[in-house]
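Next up, entry-v2.txt (compact mmCIF, C-alpha atoms and all ligand atoms):
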```txt
# COMPACT_ATOMS: atom_id res chain seq x y z
CA MET A 632 90.12 -25.58 -60.54
CA ASP A 633 90.93 -26.71 -57.00
CA LEU A 634 87.24 -26.91 -56.14
CA LEU A 635 86.54 -29.40 -58.91
CA ASN A 636 89.51 -31.60 -58.02
CA THR A 637 88.27 -31.70 -54.44
CA LEU A 638 84.74 -32.55 -55.53
CA VAL A 639 85.90 -35.36 -57.79
CA ASP A 640 87.96 -36.85 -54.95
CA LYS A 641 84.98 -36.64 -52.63
CA GLY A 642 82.64 -38.14 -55.22
CA LEU A 643 84.91 -41.12 -55.81
CA ARG A 644 85.15 -41.71 -52.06
CA ARG A 645 81.45 -40.96 -51.36
CA GLU A 646 82.41 -38.20 -48.97
CA PRO A 647 79.80 -35.57 -48.19
CA LEU A 648 80.12 -32.14 -49.74
CA SER A 649 79.76 -29.04 -47.63
CA ARG A 650 76.92 -26.65 -48.39
CA ALA A 651 79.49 -24.07 -49.50
CA GLU A 652 80.92 -26.51 -52.04
CA ALA A 653 77.47 -27.33 -53.42
CA LEU A 654 76.64 -23.64 -53.70
CA ALA A 655 79.96 -23.03 -55.44
CA VAL A 656 79.02 -25.52 -58.16
CA LEU A 657 75.80 -23.62 -58.81
CA GLY A 658 77.76 -20.36 -58.83
CA THR A 659 80.33 -21.34 -61.46
CA SER A 660 80.56 -19.26 -64.61
CA ASP A 661 79.65 -20.31 -68.13
CA ASP A 662 83.38 -20.19 -68.92
CA ASP A 663 83.92 -23.00 -66.42
CA LEU A 664 80.87 -25.04 -67.42
CA LEU A 665 82.65 -27.69 -69.46
CA ASP A 666 85.17 -28.19 -66.65
CA VAL A 667 82.28 -28.70 -64.22
CA VAL A 668 80.64 -31.24 -66.54
CA ALA A 669 83.95 -33.06 -67.06
CA ALA A 670 84.56 -33.25 -63.30
CA ALA A 671 81.07 -34.50 -62.42
CA GLY A 672 81.31 -36.83 -65.42
CA LYS A 673 84.30 -38.56 -63.79
CA VAL A 674 82.17 -39.29 -60.74
CA ARG A 675 79.28 -40.49 -62.90
CA ARG A 676 81.52 -42.86 -64.89
CA HIS A 677 83.19 -44.18 -61.75
CA TRP A 678 79.87 -45.40 -60.32
CA PHE A 679 77.79 -46.00 -63.44
CA GLY A 680 80.16 -46.29 -66.38
CA ARG A 681 78.61 -45.15 -69.63
CA ARG A 682 75.29 -46.86 -68.97
CA VAL A 683 72.01 -44.97 -69.29
CA LYS A 684 69.00 -46.49 -67.59
CA LEU A 685 65.73 -45.95 -69.42
CA ASN A 686 62.51 -45.60 -67.46
CA TYR A 687 59.02 -45.56 -68.89
CA LEU A 688 56.07 -43.67 -67.49
CA VAL A 689 52.55 -45.01 -67.50
CA ASN A 690 50.01 -42.50 -66.25
CA LEU A 691 47.41 -44.76 -64.66
CA LYS A 692 45.01 -41.95 -63.76
CA SER A 693 45.32 -38.46 -65.17
CA GLY A 694 44.08 -35.09 -63.95
CA LEU A 695 41.23 -34.22 -61.57
CA CYS A 696 43.47 -34.05 -58.51
CA PRO A 697 42.12 -32.35 -55.37
CA GLU A 698 45.61 -31.16 -54.34
CA ASP A 699 46.93 -27.71 -55.29
CA CYS A 700 50.59 -28.25 -56.22
CA SER A 701 51.35 -25.06 -58.16
CA TYR A 702 53.62 -26.71 -60.71
CA CYS A 703 51.15 -29.42 -61.64
CA SER A 704 48.91 -29.49 -64.70
CA GLN A 705 46.67 -32.01 -62.91
CA ARG A 706 46.08 -29.79 -59.88
CA LEU A 707 42.85 -28.49 -58.49
CA GLY A 708 41.78 -25.60 -60.72
CA SER A 709 44.24 -26.30 -63.53
CA THR A 710 42.94 -25.17 -66.90
CA ALA A 711 45.74 -26.87 -68.81
CA GLY A 712 44.19 -28.89 -71.60
CA ILE A 713 45.62 -32.22 -70.47
CA LEU A 714 44.16 -35.68 -70.86
CA LYS A 715 41.81 -36.55 -68.02
CA TYR A 716 40.86 -40.13 -67.32
CA THR A 717 40.32 -42.49 -64.44
CA TRP A 718 42.21 -45.70 -63.64
CA LEU A 719 43.53 -47.70 -66.58
CA LYS A 720 42.63 -51.37 -66.46
CA PRO A 721 45.54 -53.74 -65.74
CA ASP A 722 45.63 -54.98 -69.36
CA GLU A 723 45.66 -51.39 -70.67
CA ALA A 724 48.51 -50.44 -68.35
CA SER A 725 50.38 -53.60 -69.23
CA LYS A 726 50.07 -52.83 -72.93
CA ALA A 727 51.43 -49.32 -72.41
CA ALA A 728 54.28 -50.68 -70.29
CA ALA A 729 55.14 -53.27 -72.93
CA ALA A 730 55.68 -50.52 -75.50
CA GLY A 731 58.23 -48.81 -73.26
CA LEU A 732 60.00 -52.06 -72.47
CA ALA A 733 60.18 -52.94 -76.16
CA GLY A 734 61.78 -49.52 -76.68
CA GLY A 735 64.59 -50.33 -74.26
CA ALA A 736 63.25 -49.32 -70.86
CA LYS A 737 64.00 -51.57 -67.88
CA ARG A 738 61.82 -49.82 -65.31
CA VAL A 739 58.15 -48.98 -65.58
CA CYS A 740 56.85 -46.15 -63.42
CA LEU A 741 53.16 -46.45 -62.61
CA VAL A 742 51.82 -43.05 -61.65
CA ALA A 743 48.39 -41.90 -60.54
CA SER A 744 47.19 -38.40 -59.76
CA GLY A 745 45.69 -37.73 -56.38
CA ARG A 746 46.63 -37.06 -52.79
CA GLY A 747 47.22 -40.72 -52.12
CA PRO A 748 45.70 -44.14 -52.79
CA THR A 749 42.78 -45.73 -51.00
CA ASP A 750 43.25 -49.35 -50.01
CA ARG A 751 41.06 -50.24 -53.00
CA ASP A 752 43.42 -48.26 -55.22
CA VAL A 753 46.36 -50.21 -53.82
CA ASP A 754 44.55 -53.46 -54.69
CA ARG A 755 43.96 -52.12 -58.17
CA VAL A 756 47.62 -51.20 -58.64
CA ALA A 757 48.66 -54.56 -57.21
CA GLY A 758 46.68 -56.21 -60.01
CA THR A 759 48.40 -54.00 -62.57
CA ILE A 760 51.86 -54.81 -61.19
CA LYS A 761 51.02 -58.51 -61.37
CA ALA A 762 49.85 -58.19 -64.98
CA ILE A 763 53.02 -56.33 -66.00
CA LYS A 764 55.35 -58.73 -64.22
CA GLU A 765 53.64 -61.78 -65.69
CA GLU A 766 54.14 -60.44 -69.19
CA ASN A 767 57.65 -59.05 -68.77
CA GLU A 768 60.21 -61.08 -66.90
CA GLY A 769 62.77 -59.06 -64.95
CA VAL A 770 61.01 -55.71 -65.31
CA GLU A 771 61.43 -53.24 -62.45
CA VAL A 772 58.21 -51.60 -61.32
CA CYS A 773 58.06 -48.32 -59.43
CA ALA A 774 54.78 -47.02 -58.07
CA CYS A 775 54.03 -43.33 -57.60
CA LEU A 776 50.62 -42.91 -56.06
CA GLY A 777 51.06 -39.98 -53.68
CA LEU A 778 51.02 -40.03 -49.89
CA LEU A 779 50.90 -43.50 -48.37
CA SER A 780 48.92 -44.58 -45.32
CA ASP A 781 50.21 -47.14 -42.86
CA GLY A 782 50.55 -50.59 -44.37
CA GLN A 783 50.18 -49.53 -48.01
CA ALA A 784 53.91 -49.60 -48.79
CA GLU A 785 54.08 -53.15 -47.43
CA ARG A 786 51.14 -54.19 -49.59
CA LEU A 787 52.75 -52.71 -52.69
CA ARG A 788 55.98 -54.52 -51.86
CA GLU A 789 54.08 -57.79 -51.45
CA ALA A 790 52.40 -57.18 -54.80
CA GLY A 791 55.82 -57.06 -56.46
CA ALA A 792 56.63 -53.34 -56.57
CA ASP A 793 60.38 -52.77 -56.54
CA ALA A 794 60.39 -49.06 -55.82
CA TYR A 795 58.25 -46.15 -54.72
CA ASN A 796 58.58 -42.58 -55.91
CA HIS A 797 57.61 -39.51 -53.96
CA ASN A 798 59.53 -36.29 -54.52
CA LEU A 799 60.48 -33.63 -52.02
CA ASN A 800 60.36 -31.16 -54.89
CA THR A 801 61.74 -28.11 -53.11
CA SER A 802 63.21 -26.94 -49.84
CA GLU A 803 61.29 -27.31 -46.62
CA SER A 804 61.28 -23.54 -46.13
CA THR A 805 59.56 -22.82 -49.45
CA TYR A 806 57.33 -25.88 -49.60
CA GLY A 807 54.30 -24.02 -48.26
CA GLU A 808 54.56 -21.58 -51.14
CA ILE A 809 54.05 -24.23 -53.79
CA THR A 810 51.48 -26.45 -52.09
CA THR A 811 49.02 -25.82 -49.28
CA THR A 812 47.01 -29.04 -49.24
CA HIS A 813 49.77 -31.18 -47.79
CA THR A 814 53.09 -30.54 -46.11
CA TYR A 815 56.74 -31.22 -46.64
CA ALA A 816 56.60 -33.44 -43.56
CA ASP A 817 53.85 -35.50 -45.21
CA ARG A 818 56.20 -36.14 -48.12
CA VAL A 819 59.09 -37.08 -45.87
CA ASP A 820 56.84 -39.51 -44.06
CA THR A 821 55.88 -41.31 -47.26
CA VAL A 822 59.48 -41.73 -48.38
CA GLN A 823 60.29 -43.16 -44.98
CA LYS A 824 57.35 -45.54 -45.19
CA ALA A 825 58.62 -46.79 -48.57
CA HIS A 826 62.10 -47.29 -47.13
CA ALA A 827 60.79 -49.13 -44.12
CA ALA A 828 58.77 -51.50 -46.30
CA GLY A 829 61.86 -52.51 -48.24
CA LEU A 830 60.98 -50.59 -51.37
CA SER A 831 63.78 -48.82 -53.20
CA ALA A 832 63.11 -45.16 -52.56
CA CYS A 833 63.01 -42.69 -55.42
CA SER A 834 62.75 -39.04 -54.47
CA GLY A 835 63.80 -35.90 -56.23
CA LEU A 836 63.17 -32.28 -56.97
CA ILE A 837 61.83 -29.70 -59.38
CA ALA A 838 64.12 -26.85 -60.38
CA GLY A 839 62.99 -23.64 -62.00
CA MET A 840 60.15 -22.70 -59.67
CA GLY A 841 61.76 -19.40 -58.65
CA GLU A 842 63.85 -20.96 -55.92
CA THR A 843 67.23 -19.68 -54.79
CA ASP A 844 70.48 -21.59 -54.96
CA GLU A 845 70.16 -22.12 -51.21
CA ASP A 846 66.76 -23.76 -51.74
CA LEU A 847 68.23 -26.13 -54.30
CA VAL A 848 71.08 -27.08 -52.02
CA ASP A 849 68.64 -27.49 -49.12
CA VAL A 850 66.42 -29.93 -50.99
CA VAL A 851 69.34 -31.94 -52.36
CA PHE A 852 70.92 -32.18 -48.90
CA SER A 853 67.54 -33.26 -47.48
CA LEU A 854 67.36 -35.92 -50.17
CA ARG A 855 70.84 -37.08 -49.27
CA GLU A 856 69.67 -37.57 -45.71
CA LEU A 857 66.64 -39.55 -46.89
CA ASP A 858 69.02 -41.70 -48.84
CA PRO A 859 66.96 -42.61 -51.90
CA ASP A 860 68.39 -44.96 -54.50
CA SER A 861 67.27 -42.68 -57.30
CA VAL A 862 66.87 -38.92 -57.55
CA PRO A 863 64.78 -37.58 -60.43
CA VAL A 864 65.64 -34.00 -61.33
CA ASN A 865 62.69 -32.25 -62.94
CA PHE A 866 62.97 -28.92 -64.71
CA LEU A 867 59.71 -27.04 -64.37
CA ILE A 868 57.45 -27.15 -67.39
CA PRO A 869 55.44 -23.96 -66.94
CA PHE A 870 52.10 -25.19 -68.20
CA GLU A 871 49.62 -22.58 -69.31
CA GLY A 872 46.68 -22.85 -66.94
CA THR A 873 48.81 -23.34 -63.81
CA PRO A 874 50.02 -20.71 -61.32
CA LEU A 875 53.61 -21.12 -62.46
CA ALA A 876 52.95 -20.61 -66.15
CA LYS A 877 55.20 -17.55 -66.33
CA GLU A 878 58.17 -19.07 -64.49
CA TRP A 879 60.68 -19.50 -67.27
CA ASN A 880 63.82 -19.30 -65.16
CA LEU A 881 66.08 -21.97 -66.56
CA THR A 882 68.82 -21.98 -69.16
CA PRO A 883 70.54 -25.12 -70.47
CA GLN A 884 73.68 -24.03 -68.62
CA ARG A 885 71.80 -23.66 -65.34
CA CYS A 886 70.27 -27.12 -65.79
CA LEU A 887 73.73 -28.63 -66.31
CA ARG A 888 75.08 -26.95 -63.17
CA ILE A 889 72.11 -28.25 -61.16
CA LEU A 890 72.64 -31.80 -62.42
CA ALA A 891 76.37 -31.55 -61.64
CA MET A 892 75.62 -30.40 -58.10
CA VAL A 893 73.20 -33.29 -57.57
CA ARG A 894 75.80 -35.74 -58.90
CA PHE A 895 78.49 -34.42 -56.54
CA VAL A 896 76.15 -34.48 -53.52
CA CYS A 897 74.71 -37.93 -54.32
CA PRO A 898 77.61 -39.50 -56.24
CA ASP A 899 76.53 -43.15 -56.23
CA VAL A 900 72.80 -42.59 -56.64
CA GLU A 901 70.81 -43.04 -59.83
CA VAL A 902 70.40 -39.43 -60.96
CA ARG A 903 67.58 -39.24 -63.49
CA ILE A 904 66.79 -36.35 -65.79
CA ALA A 905 63.02 -36.19 -65.57
CA GLY A 906 60.40 -33.73 -66.82
CA GLY A 907 61.52 -30.68 -68.76
CA ARG A 908 64.59 -32.33 -70.30
CA GLU A 909 63.74 -31.38 -73.86
CA VAL A 910 62.18 -28.03 -72.94
CA HIS A 911 65.10 -26.67 -70.92
CA LEU A 912 68.25 -28.55 -71.93
CA ARG A 913 67.27 -28.56 -75.57
CA THR A 914 70.34 -29.20 -77.76
CA MET A 915 72.48 -29.56 -74.62
CA GLN A 916 70.78 -32.84 -73.65
CA PRO A 917 73.75 -35.02 -74.66
CA LEU A 918 76.06 -33.13 -72.29
CA ALA A 919 73.66 -33.91 -69.46
CA LEU A 920 74.25 -37.62 -69.99
CA HIS A 921 77.73 -37.05 -68.56
CA LEU A 922 76.02 -36.11 -65.28
CA ALA A 923 72.86 -38.20 -65.02
CA ASN A 924 72.81 -41.96 -65.58
CA SER A 925 69.08 -42.29 -66.16
CA ILE A 926 66.33 -40.68 -68.24
CA PHE A 927 62.72 -41.27 -69.17
CA LEU A 928 62.11 -42.75 -72.58
CA GLY A 929 59.45 -41.09 -74.69
CA ASP A 930 56.58 -39.11 -73.19
CA TYR A 931 55.89 -37.78 -69.72
CA LEU A 932 52.71 -37.85 -67.69
CA THR A 933 50.84 -35.01 -69.30
CA SER A 934 53.32 -33.69 -71.86
CA GLU A 935 55.07 -35.19 -74.85
CA GLY A 936 58.78 -35.81 -74.95
CA GLN A 937 60.93 -36.16 -78.02
CA ALA A 938 60.51 -39.37 -80.00
CA GLY A 939 61.79 -42.46 -78.22
CA LYS A 940 63.94 -43.15 -81.28
CA ALA A 941 65.59 -39.74 -80.83
CA ASP A 942 66.35 -40.61 -77.19
CA LEU A 943 68.10 -43.81 -78.29
CA GLU A 944 70.02 -42.05 -81.05
CA MET A 945 71.15 -39.33 -78.68
CA ILE A 946 72.50 -41.91 -76.22
CA ALA A 947 74.42 -43.74 -78.94
CA ASP A 948 75.74 -40.55 -80.58
CA ALA A 949 77.00 -39.24 -77.25
CA GLY A 950 78.97 -42.44 -76.70
CA PHE A 951 76.76 -43.97 -74.03
CA GLU A 952 74.89 -47.28 -73.99
CA VAL A 953 71.41 -48.25 -72.89
CA GLU A 954 71.55 -50.28 -69.68
CA GLY A 955 70.35 -53.82 -70.23
CA ALA A 956 67.82 -55.72 -68.14
CA ASP A 957 70.63 -58.03 -67.00
CA GLN A 958 72.79 -55.18 -65.72
CA VAL A 959 72.55 -53.92 -62.15
CA THR A 960 71.99 -50.17 -62.01
CA LEU A 961 73.40 -49.34 -58.62
CA PRO A 962 77.00 -49.82 -57.48
CA GLU A 963 77.59 -53.06 -55.59
CA HIS A 964 77.74 -51.50 -52.12
CA ARG A 965 74.34 -49.87 -52.66
CA ALA A 966 72.58 -52.64 -54.57
CA ALA A 967 73.54 -55.13 -51.87
CA GLY A 968 71.72 -53.03 -49.32
CA GLY A 969 68.42 -53.60 -51.09
CA GLY A 970 67.47 -50.01 -51.19
CA CYS A 971 69.61 -47.68 -49.27
CA GLY A 972 71.13 -50.05 -46.88
CA SER A 973 74.81 -49.60 -47.04
CA HIS A 974 75.11 -45.87 -47.45
CA GLU A 975 76.05 -45.05 -43.92
CA SER A 976 79.73 -45.10 -44.62
CA ALA A 977 79.71 -41.98 -46.70
CA GLY A 978 77.76 -39.77 -48.95
CA CYS A 979 74.17 -40.35 -48.18
CA GLY A 980 73.81 -40.62 -44.53
CA THR A 981 70.78 -41.23 -42.47
CA HIS A 982 67.14 -41.62 -43.33
CA GLU A 983 65.80 -39.21 -40.82
CA GLY A 984 65.52 -36.31 -43.18
CA GLY A 985 62.40 -37.15 -44.98
CA GLY A 986 60.89 -35.81 -48.13
CA GLY A 987 58.34 -37.06 -50.39
CA CYS A 988 57.96 -38.04 -53.79
CA GLY A 989 55.30 -37.48 -55.99
CA SER A 990 54.87 -34.17 -57.46
CA HIS A 991 52.94 -35.77 -60.17
CA ASP A 992 53.45 -33.20 -62.76
CA SER A 993 56.56 -31.36 -63.68
CA GLY A 994 55.87 -32.94 -66.96
CA GLY A 995 58.43 -35.49 -66.30
CA GLY A 996 58.77 -38.49 -64.35
CA CYS A 997 57.34 -39.70 -61.34
CA GLY A 998 57.77 -37.52 -58.62
CA SER A 999 56.97 -34.24 -59.93
CA HIS A 1000 54.21 -35.09 -62.17
CA GLU A 1001 54.20 -31.70 -63.69
CA GLY A 1002 56.98 -29.33 -63.04
CA GLY A 1003 54.89 -26.29 -62.80
CA GLY A 1004 56.11 -22.92 -61.84
CA VAL A 1005 56.53 -21.15 -58.65
CA CYS A 1006 54.80 -18.99 -56.37
CA GLY A 1007 55.22 -15.35 -56.09
CA SER A 1008 57.02 -15.22 -52.83
CA ALA A 1009 59.62 -17.74 -53.83
CA ALA A 1010 60.37 -15.71 -56.91
CA ALA A 1011 60.61 -12.58 -54.83
CA ALA A 1012 63.02 -14.29 -52.48
CA ALA A 1013 65.13 -15.31 -55.42
CA THR A 1014 65.62 -11.77 -56.58
CA SER A 1015 66.64 -10.60 -53.13
CA SER A 1016 69.15 -13.33 -52.41
CA SER A 1017 72.84 -12.88 -53.00
CA THR A 1018 72.84 -16.21 -54.82
CA ALA A 1019 69.56 -15.70 -56.57
CA THR A 1020 68.95 -17.48 -59.79
CA PRO A 1021 69.26 -15.07 -62.68
CA GLN A 1022 65.88 -14.75 -64.35
CA THR A 1023 67.29 -15.33 -67.79
CA GLY A 1024 65.32 -18.30 -69.03
CA GLU A 1025 63.69 -17.97 -72.40
CA ALA A 1026 59.98 -18.78 -72.59
CA ARG A 1027 59.80 -21.77 -74.93
CA THR A 1028 56.10 -22.44 -74.93
CA ASP A 1029 56.62 -23.77 -78.45
CA LEU A 1030 58.38 -26.77 -76.89
CA VAL A 1031 55.54 -27.65 -74.49
CA ALA A 1032 53.13 -30.12 -76.05
CA VAL A 1033 50.31 -31.69 -74.07
CA ARG A 1034 50.38 -35.48 -74.36
CA ARG A 1035 47.79 -36.75 -76.82
CA ARG A 1036 48.98 -40.32 -77.38
CA GLY A 1037 49.67 -43.44 -75.38
CA ALA A 1038 47.90 -44.27 -72.10
CA GLY A 1039 44.35 -43.01 -72.00
CA THR A 1040 44.10 -42.55 -75.78
CA ASP A 1041 43.58 -44.77 -78.79
CA LEU A 1042 46.92 -43.74 -80.27
CA ALA A 1043 50.15 -45.69 -80.00
CA PRO A 1044 52.52 -44.60 -77.23
CA ASN A 1045 55.84 -42.88 -77.92
CA ALA A 1046 58.54 -45.39 -77.13
S1 LIG B 1101 51.64 -33.27 -58.05
FE1 LIG B 1101 50.33 -35.06 -57.63
S2 LIG B 1101 49.27 -34.46 -55.70
FE2 LIG B 1101 50.10 -32.56 -56.57
S3 LIG B 1101 48.41 -31.71 -57.83
FE3 LIG B 1101 49.69 -32.97 -59.20
S4 LIG B 1101 48.72 -34.99 -59.23
FE4 LIG B 1101 47.92 -33.89 -57.46
```

Starting from the coordinates I provided, produce the structure as structure tokens.
Ligand code: SF4
Amino acid sequence: MDLLNTLVDKGLRREPLSRAEALAVLGTSDDDLLDVVAAAGKVRRHWFGRRVKLNYLVNLKSGLCPEDCSYCSQRLGSTAGILKYTWLKPDEASKAAAAGLAGGAKRVCLVASGRGPTDRDVDRVAGTIKAIKEENEGVEVCACLGLLSDGQAERLREAGADAYNHNLNTSESTYGEITTTHTYADRVDTVQKAHAAGLSACSGLIAGMGETDEDLVDVVFSLRELDPDSVPVNFLIPFEGTPLAKEWNLTPQRCLRILAMVRFVCPDVEVRIAGGREVHLRTMQPLALHLANSIFLGDYLTSEGQAGKADLEMIADAGFEVEGADQVTLPEHRAAGGGCGSHESAGCGTHEGGGGCGSHDSGGGCGSHEGGGVCGSAAAAATSSSTATPQTGEARTDLVAVRRRGAGTDLAPNA
């Protein structure tokens, strides 16, 4: 396919895709799916080889959030039966982190529900970062605490944080349909604050909320402008008890096309499969490793993932290898920039775009902490668009398990 040859060439040279090219990837047929995966896989291997970076989530504070993100099981008014607890103590968080690191993770993601941290919360997290770094030499720590106020990113950086996650989640034009208590611009501002403080920015999206193909391309192009080092791709986990509980819009094939599009648009960026991996990709998870170079090990914030051992076996069986603590994740040109520095030459351009991280719920990683569902009007828009997402996803509520082990419980974590 000429399109795929063009996209591979662009990916290897870090040349920007056009919107039409990104939309074309999402519009490919199931007959062409393996060709799409093979093409995006060439780009993935060029920049990241066969390495898979493992990240480990520690939910520092769960539930009871005053914000109303529709996808999130921790939102205001959620009746999802998730664990609810206040801040873990530094030694408790460090113990949870150690389990993930022993399982092969090289980055620990410290996540807390809420609109954003108070200065006291930042002090608290600083103590937790210190405890984790003292116990685990070389560990990368990413914080995901919501919207940041002036000076907080700098304080987290000084405390030893390597990265900050805050997701854009969806397109600017539909953002108001999924959340009303803060804005898309708020999210952009926090990602920019993290960048400016010298933190490696992590910002991604949630797919499956009823959005159109245009929305997906919009949010990924906005992310490209923000120039994060890592882009978590969440697939909505439609939790019972949230407004998006009925939004089962994804198929494994659709998830693969979305990951391929993200890889082509952000070729040299750490693309991470986040929440919803097991629920929506199901037995197709190994194919997705040809597109993404990073996953979460074990459980998510409020839902359980497959056993950490199964994650490791899948990586080995698919012919990939777990990235070691002594290996640098990002390509040389990007790692040298200490964040996003050297991306101006191609691919990810400027940082003006803005987005945010932290949708604490798509069930997956940082960023969208829950992967909820979408709002009525977004779904309606999807059905009226010429490139609307077919509503063909199968409801697999049997695959959604609320997390009952690890942080905040007396049971051992899954790692
Ligand atoms: S995504 Fe974060 S801010 Fe939004 S409701 Fe969930 S915990 Fe609160």

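For the set A:Leu1042, A:Leu943, A:Cys773, A:Ile809, the residue with the smallest atom-to-atom gap to ligand LIG 1101 (chain B) is A:Ile809, counting all atoms listed in the file.
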
Residues near Thr821 (chain A), anyone? I mean within 6 Å using all atoms listed in the file, not counting same-chain ones fewer than 3 positions away, as a ChimeraX atom specification. /A:778-779,818,824,987

Extract, using all atoms listed in the file, all DNA, RNA and protein residues at most 9 Å from region 825-827 of chain A, discarding same-chain residues fewer than 5 positions from it, and format them as a PDB file with C-alpha atoms, in the coordinates of the input.
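Writing the result to part.pdb gives the following:
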```
ATOM      1  CA  LEU A 779      50.900 -43.500 -48.370  1.00  0.00           C
ATOM      2  CA  GLN A 783      50.180 -49.530 -48.010  1.00  0.00           C
ATOM      3  CA  ALA A 784      53.910 -49.600 -48.790  1.00  0.00           C
ATOM      4  CA  GLU A 785      54.080 -53.150 -47.430  1.00  0.00           C
ATOM      5  CA  ARG A 788      55.980 -54.520 -51.860  1.00  0.00           C
ATOM      6  CA  ALA A 794      60.390 -49.060 -55.820  1.00  0.00           C
ATOM      7  CA  TYR A 795      58.250 -46.150 -54.720  1.00  0.00           C
ATOM      8  CA  ASN A 796      58.580 -42.580 -55.910  1.00  0.00           C
ATOM      9  CA  ASP A 820      56.840 -39.510 -44.060  1.00  0.00           C
ATOM     10  CA  ALA A 832      63.110 -45.160 -52.560  1.00  0.00           C
ATOM     11  CA  LEU A 857      66.640 -39.550 -46.890  1.00  0.00           C
ATOM     12  CA  PRO A 859      66.960 -42.610 -51.900  1.00  0.00           C
ATOM     13  CA  GLY A 970      67.470 -50.010 -51.190  1.00  0.00           C
ATOM     14  CA  CYS A 971      69.610 -47.680 -49.270  1.00  0.00           C
ATOM     15  CA  HIS A 982      67.140 -41.620 -43.330  1.00  0.00           C
TER      16      HIS A 982
END
```

Name all residues at most 12 Å from Ala947 (chain A) (count all atoms listed in the file; drop same-chain ones fewer than 6 positions away) and give them as a PDB file with C-alpha atoms, keeping the file's coordinate frame.
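Wrote it out as part04.pdb, contents follow:
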```
ATOM      1  CA  ARG A 681      78.610 -45.150 -69.630  1.00  0.00           C
ATOM      2  CA  ARG A 682      75.290 -46.860 -68.970  1.00  0.00           C
ATOM      3  CA  VAL A 683      72.010 -44.970 -69.290  1.00  0.00           C
ATOM      4  CA  PRO A 917      73.750 -35.020 -74.660  1.00  0.00           C
ATOM      5  CA  LEU A 920      74.250 -37.620 -69.990  1.00  0.00           C
ATOM      6  CA  LYS A 940      63.940 -43.150 -81.280  1.00  0.00           C
ATOM      7  CA  ALA A 941      65.590 -39.740 -80.830  1.00  0.00           C
ATOM      8  CA  VAL A 953      71.410 -48.250 -72.890  1.00  0.00           C
ATOM      9  CA  GLU A 954      71.550 -50.280 -69.680  1.00  0.00           C
TER      10      GLU A 954
END
```

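Between CA of Leu961 (chain A) and CA of Pro1044 (chain A) there is a distance of 28.4 Å.
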
Quick one: everything within 6 Å of Leu928 (chain A), counting all atoms listed in the file, minus sequence neighbours fewer than 4 positions away in the same chain. Send it as a ChimeraX atom specification. /A:685-687,939

One decimal, in Å: what's the spacing between CA of Ala956 (chain A) and CA of Ala736 (chain A)? 8.3 Å

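Nearest to Ala966 (chain A) of all the residues A:Val864, A:Trp678, A:Arg1035, A:Val910 is A:Trp678, based on all atoms listed in the file.
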
Fill-in result for region 664-675 of chain A, N, CA and C atoms as a short mmCIF file (atom, residue, chain, number, x, y, z; two decimals), in the frame of the given file:
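Generated file (selection_33.cif):
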```cif
data_model
loop_
_atom_site.label_atom_id
_atom_site.label_comp_id
_atom_site.auth_asym_id
_atom_site.auth_seq_id
_atom_site.Cartn_x
_atom_site.Cartn_y
_atom_site.Cartn_z
N LEU A 664 81.91 -24.02 -67.38
CA LEU A 664 80.87 -25.04 -67.42
C LEU A 664 81.39 -26.40 -67.91
N LEU A 665 82.17 -26.40 -68.95
CA LEU A 665 82.65 -27.69 -69.46
C LEU A 665 83.57 -28.38 -68.45
N ASP A 666 84.33 -27.59 -67.70
CA ASP A 666 85.17 -28.19 -66.65
C ASP A 666 84.30 -28.83 -65.56
N VAL A 667 83.19 -28.16 -65.23
CA VAL A 667 82.28 -28.70 -64.22
C VAL A 667 81.67 -30.02 -64.72
N VAL A 668 81.23 -30.02 -65.98
CA VAL A 668 80.64 -31.24 -66.54
C VAL A 668 81.67 -32.36 -66.58
N ALA A 669 82.90 -32.03 -66.98
CA ALA A 669 83.95 -33.06 -67.06
C ALA A 669 84.23 -33.64 -65.68
N ALA A 670 84.26 -32.78 -64.66
CA ALA A 670 84.56 -33.25 -63.30
C ALA A 670 83.43 -34.15 -62.78
N ALA A 671 82.19 -33.69 -62.90
CA ALA A 671 81.07 -34.50 -62.42
C ALA A 671 80.95 -35.76 -63.27
N GLY A 672 81.35 -35.66 -64.54
CA GLY A 672 81.31 -36.83 -65.42
C GLY A 672 82.26 -37.93 -64.94
N LYS A 673 83.38 -37.54 -64.34
CA LYS A 673 84.30 -38.56 -63.79
C LYS A 673 83.62 -39.34 -62.68
N VAL A 674 82.88 -38.63 -61.85
CA VAL A 674 82.17 -39.29 -60.74
C VAL A 674 81.08 -40.20 -61.30
N ARG A 675 80.35 -39.69 -62.27
CA ARG A 675 79.28 -40.49 -62.90
C ARG A 675 79.86 -41.77 -63.50
#
```
